[in-house]
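J.: Got a structure for you, written out below as structure tokens; questions coming shortly.
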Amino acid sequence: SVPTIMKILASSINTARRAGGIIRDVMKKGDLGIVDKGHDDLQTEADRSAQRCIIASLTKLFPNIKIIGEEGGSDLDVPNDWLVTSFDEEFLKQKCPEHLVDIKDEDFVIWVDPLDGTSEYTQGFLEHVTVLIGVAVKNSAIGGVIHQPYFQQSSGEIGRTIWGLKGLGVGGLKIIEPPKQQFIVTTTRSHCNALVQEALKGLTPTDVIRVGGAGFKVIQILEGIAHAYVFASPGCKKWDTCAPEAVLEACGGELTDVFGQHYEYHASVEKPNNRGVLATASTVSHQIIVDRIPEIVKSAL
């Protein structure tokens with residue numbers, strides 16, 4: 001029989017694609033239904049509907065697995081065409097890593113960010129938007145799906161789905177090494193503050209890219225556009241980083257807090273990532289970057 005972790009990722013691939021379609025549909029209709037959750041934290045009809053699609057679909061397939069979504073409890077009575085019960089057959093052809101074959105249902109937590117980069121979505125920076133489904137086993141992020149609803153394929157198809165599983169690797173995109181002789185950092189576009197600036201100054205990058213969404217920043221590392229993603233401030237949450245961390249680490253990169261410690265992803269963990277986020281490509285020494293974050297920044301977190 002197919003190990004549960006493989007089934008979770010194979011269904012998450014198809015479910016994230018469906019959620020991407022819902023996100024595009026809401027934008028096409030033009031009424032985003034924006035709600036301000038406070039502190040520059042927006043929610044739209046797309047966030048709410050995409051989450052209902054994802055949680056209803058995964059709950060139907062995995063009724064005993066804990067699923068935590070950014071938008072809190074969701075009404076799971078969804079339209080039939082939002083319910084995804086199929087698996088990505090291509091993914092299921094992969095061999096499950098030995099150590100993940102026999103994980104019990106109660107040891108999984110699925111972290112869902114139905115629309116990462118909401119403020120960018122409302123402002124029309126659509127390429128920054130991702131759908132994130134992260135899978136943790138006990139404390140650690142081990143698998144993830146990152147879907148880009150607005151990625152333009154060369155075939156003309158819209159949308160791209162990237163998956164990663166530790167011990168297996170990454171699929172859905174070509175991993176590219178960032179340029180040698182440079183140090184390019186990607187950071188927040190909409191949540192910049194003095195701490196974020198101070199950390200960047202200490203790292204002396206050759207270039208700084210400012211984009212929205214944790215998912216999109218990690219994709220920039222995977223595609224060799226940036227060497228590191230640095231956000232030296234609270235503000236990110238577990239559903240923002242679970243999938244990106246798993247995907248990045250499945251191909252040799254690393255994502256931690258700014259002290260170099262991994263976050264925990266068990267069900268009762270506090271949701272905010274209060275110690276910031278630091279992610280690096282596989283060709284970059286993570287520890288060297290950790291050491292270069294100024295003490296003044298670390299002591300403030």
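How things are named: the first chain in the structure tokens is A, the next is B, and so on; residues count from 1 in each chain; ligands count from 1 in the order shown.
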Find the residues around region 68-84 of chain A up to 7 Å (only C-alpha atoms counted), leave out those fewer than 2 positions away in its own chain, and share them as a PyMOL selection string.
T.: chain A and resi 15+48+51-53+56-57+66+86+110-113+239
J.: Pull the strand (DSSP E) assignments for region 66-279 of chain A out of DSSP run on the backbone, and list those residues as an MDAnalysis selection string.
T.: chainID A and resid 66:69 108:116 130:137 140:152 158:165 169:171 184:188 207:211 228:231 254:256 277:279
J.: Produce a table with one row for each residue of region 135-214 of chain A that has an atom at most 8 Å from any atom of region 251-262 of chain A, each row naming the nearest atom pair and its distance in Å at one decimal; use only C-alpha atoms; arrange rows by chain and rising residue number; format as JSON lines.
T.:
{"residue": "A:Gly164", "atom": "CA", "partner": "A:Cys251", "partner_atom": "CA", "distance": 7.8}
{"residue": "A:Lys166", "atom": "CA", "partner": "A:Cys251", "partner_atom": "CA", "distance": 7.8}
{"residue": "A:Gly169", "atom": "CA", "partner": "A:Cys251", "partner_atom": "CA", "distance": 5.5}
{"residue": "A:Val170", "atom": "CA", "partner": "A:Cys251", "partner_atom": "CA", "distance": 6.2}
J.: Gln148 (chain A): which residues within 12 Å, counting only C-alpha atoms, same-chain residues fewer than 6 positions away excluded, as a ChimeraX atom specification?
T.: /A:13,16-21,23-24,114-117,121,126-132,157-163,172-173,213,215-216,219
J.: Residues at most 7 Å from Asp105 (chain A), counting only C-alpha atoms, excluding those fewer than 2 positions away in the same chain, as a PyMOL selection string?
T.: chain A and resi 64-65+103+107-108
J.: Go ahead and save the residues from that selection, with C-alpha atoms, as a PDB file, in the first residue's frame.
T.:
ATOM      1  CA  ASN A  64      -7.462  11.629  11.356  1.00  0.00           C
ATOM      2  CA  ILE A  65      -4.704  14.086  10.470  1.00  0.00           C
ATOM      3  CA  ILE A 103       4.431   7.365   9.984  1.00  0.00           C
ATOM      4  CA  ASP A 107       2.385  12.258  14.030  1.00  0.00           C
ATOM      5  CA  PHE A 108       1.447  14.418  11.017  1.00  0.00           C
TER       6      PHE A 108
END
J.: Give me every alpha helix (DSSP H) residue in region 81-199 of chain A, going by DSSP on the backbone, as number ranges by chain.
T.: A: 89-92, 118-123, 194-199
J.: Those same residues - all heavy atoms - I'd like them written as a short mmCIF file (atom, residue, chain, number, x, y, z; two decimals), in the first residue's frame.
T.:
data_model
loop_
_atom_site.label_atom_id
_atom_site.label_comp_id
_atom_site.auth_asym_id
_atom_site.auth_seq_id
_atom_site.Cartn_x
_atom_site.Cartn_y
_atom_site.Cartn_z
N GLU A 89 -0.72 11.29 -10.10
CA GLU A 89 -0.19 9.96 -10.40
C GLU A 89 1.32 9.98 -10.67
O GLU A 89 2.04 9.04 -10.31
CB GLU A 89 -0.93 9.34 -11.60
CG GLU A 89 -2.41 9.06 -11.35
CD GLU A 89 -2.65 8.12 -10.16
OE1 GLU A 89 -1.78 7.27 -9.86
OE2 GLU A 89 -3.72 8.24 -9.53
N GLU A 90 1.80 11.06 -11.29
CA GLU A 90 3.25 11.16 -11.56
C GLU A 90 4.03 11.10 -10.25
O GLU A 90 5.04 10.42 -10.15
CB GLU A 90 3.56 12.49 -12.28
CG GLU A 90 3.39 12.45 -13.78
CD GLU A 90 4.13 11.29 -14.45
OE1 GLU A 90 5.38 11.24 -14.36
OE2 GLU A 90 3.47 10.42 -15.04
N PHE A 91 3.55 11.86 -9.26
CA PHE A 91 4.25 11.88 -7.97
C PHE A 91 4.25 10.49 -7.33
O PHE A 91 5.25 10.06 -6.74
CB PHE A 91 3.64 12.91 -7.01
CG PHE A 91 4.34 12.91 -5.67
CD1 PHE A 91 5.57 13.55 -5.52
CD2 PHE A 91 3.81 12.24 -4.58
CE1 PHE A 91 6.25 13.51 -4.31
CE2 PHE A 91 4.48 12.21 -3.36
CZ PHE A 91 5.70 12.85 -3.24
N LEU A 92 3.13 9.79 -7.45
CA LEU A 92 3.03 8.48 -6.79
C LEU A 92 3.97 7.43 -7.39
O LEU A 92 4.20 6.38 -6.80
CB LEU A 92 1.59 7.97 -6.84
CG LEU A 92 0.61 8.68 -5.89
CD1 LEU A 92 -0.78 8.10 -6.04
CD2 LEU A 92 1.07 8.60 -4.44
N THR A 118 -0.88 37.93 0.29
CA THR A 118 -2.20 38.55 0.09
C THR A 118 -2.10 40.02 -0.28
O THR A 118 -2.82 40.49 -1.17
CB THR A 118 -3.08 38.39 1.35
OG1 THR A 118 -3.19 36.99 1.66
CG2 THR A 118 -4.47 38.96 1.14
N SER A 119 -1.21 40.78 0.39
CA SER A 119 -1.17 42.22 0.06
C SER A 119 -0.70 42.41 -1.38
O SER A 119 -1.20 43.29 -2.09
CB SER A 119 -0.34 43.02 1.06
OG SER A 119 0.96 42.56 1.13
N GLU A 120 0.21 41.55 -1.86
CA GLU A 120 0.64 41.63 -3.26
C GLU A 120 -0.53 41.29 -4.20
O GLU A 120 -0.72 41.91 -5.24
CB GLU A 120 1.82 40.67 -3.51
CG GLU A 120 3.16 41.18 -3.00
CD GLU A 120 3.24 41.26 -1.49
OE1 GLU A 120 2.62 40.44 -0.79
OE2 GLU A 120 3.97 42.14 -0.97
N TYR A 121 -1.31 40.29 -3.81
CA TYR A 121 -2.49 39.88 -4.59
C TYR A 121 -3.45 41.07 -4.75
O TYR A 121 -3.94 41.34 -5.85
CB TYR A 121 -3.18 38.72 -3.86
CG TYR A 121 -4.44 38.18 -4.49
CD1 TYR A 121 -4.40 37.45 -5.68
CD2 TYR A 121 -5.67 38.35 -3.86
CE1 TYR A 121 -5.57 36.93 -6.23
CE2 TYR A 121 -6.84 37.82 -4.40
CZ TYR A 121 -6.78 37.11 -5.59
OH TYR A 121 -7.93 36.58 -6.13
N THR A 122 -3.70 41.79 -3.66
CA THR A 122 -4.65 42.91 -3.74
C THR A 122 -4.08 44.08 -4.54
O THR A 122 -4.82 44.91 -5.05
CB THR A 122 -5.03 43.42 -2.33
OG1 THR A 122 -3.86 43.94 -1.68
CG2 THR A 122 -5.65 42.33 -1.48
N GLN A 123 -2.74 44.13 -4.66
CA GLN A 123 -2.11 45.24 -5.38
C GLN A 123 -1.73 44.88 -6.82
O GLN A 123 -1.15 45.70 -7.54
CB GLN A 123 -0.85 45.71 -4.62
CG GLN A 123 -1.16 46.36 -3.28
CD GLN A 123 0.06 46.39 -2.36
OE1 GLN A 123 1.19 46.40 -2.85
NE2 GLN A 123 -0.17 46.40 -1.08
N ALA A 194 13.04 48.81 10.81
CA ALA A 194 14.44 49.11 11.16
C ALA A 194 15.27 47.85 11.37
O ALA A 194 16.43 47.79 10.96
CB ALA A 194 14.48 49.99 12.41
N LEU A 195 14.66 46.83 11.99
CA LEU A 195 15.40 45.58 12.25
C LEU A 195 15.78 44.89 10.94
O LEU A 195 16.91 44.42 10.77
CB LEU A 195 14.54 44.60 13.06
CG LEU A 195 14.57 44.68 14.58
CD1 LEU A 195 13.75 43.53 15.16
CD2 LEU A 195 16.01 44.61 15.11
N VAL A 196 14.81 44.83 10.03
CA VAL A 196 15.04 44.20 8.72
C VAL A 196 16.19 44.92 8.01
O VAL A 196 17.12 44.30 7.48
CB VAL A 196 13.75 44.23 7.86
CG1 VAL A 196 14.03 43.78 6.43
CG2 VAL A 196 12.67 43.36 8.50
N GLN A 197 16.16 46.26 8.05
CA GLN A 197 17.20 47.08 7.41
C GLN A 197 18.58 46.84 8.04
O GLN A 197 19.58 46.71 7.34
CB GLN A 197 16.84 48.57 7.51
CG GLN A 197 15.75 49.00 6.56
CD GLN A 197 16.11 48.73 5.10
OE1 GLN A 197 15.59 47.82 4.47
NE2 GLN A 197 17.04 49.52 4.58
N GLU A 198 18.59 46.80 9.36
CA GLU A 198 19.84 46.61 10.12
C GLU A 198 20.49 45.27 9.76
O GLU A 198 21.71 45.18 9.57
CB GLU A 198 19.51 46.66 11.62
CG GLU A 198 20.70 46.96 12.52
CD GLU A 198 21.36 48.31 12.26
OE1 GLU A 198 20.64 49.33 12.12
OE2 GLU A 198 22.61 48.32 12.17
N ALA A 199 19.67 44.23 9.66
CA ALA A 199 20.18 42.90 9.31
C ALA A 199 20.76 42.91 7.90
O ALA A 199 21.84 42.36 7.65
CB ALA A 199 19.06 41.86 9.40
#
J.: Env of region 271-285 of chain A: 9 Å cut, atoms = only C-alpha atoms, seq-sep filter 4 positions within chain, self excluded. Answer as a count of residues only.
T.: 40
J.: Tell me, in Å to one decimal, how far CA of Leu168 (chain A) is from CA of Asp240 (chain A).
T.: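 Separating CA of Leu168 (chain A) from CA of Asp240 (chain A) is a distance of 22.0 Å.
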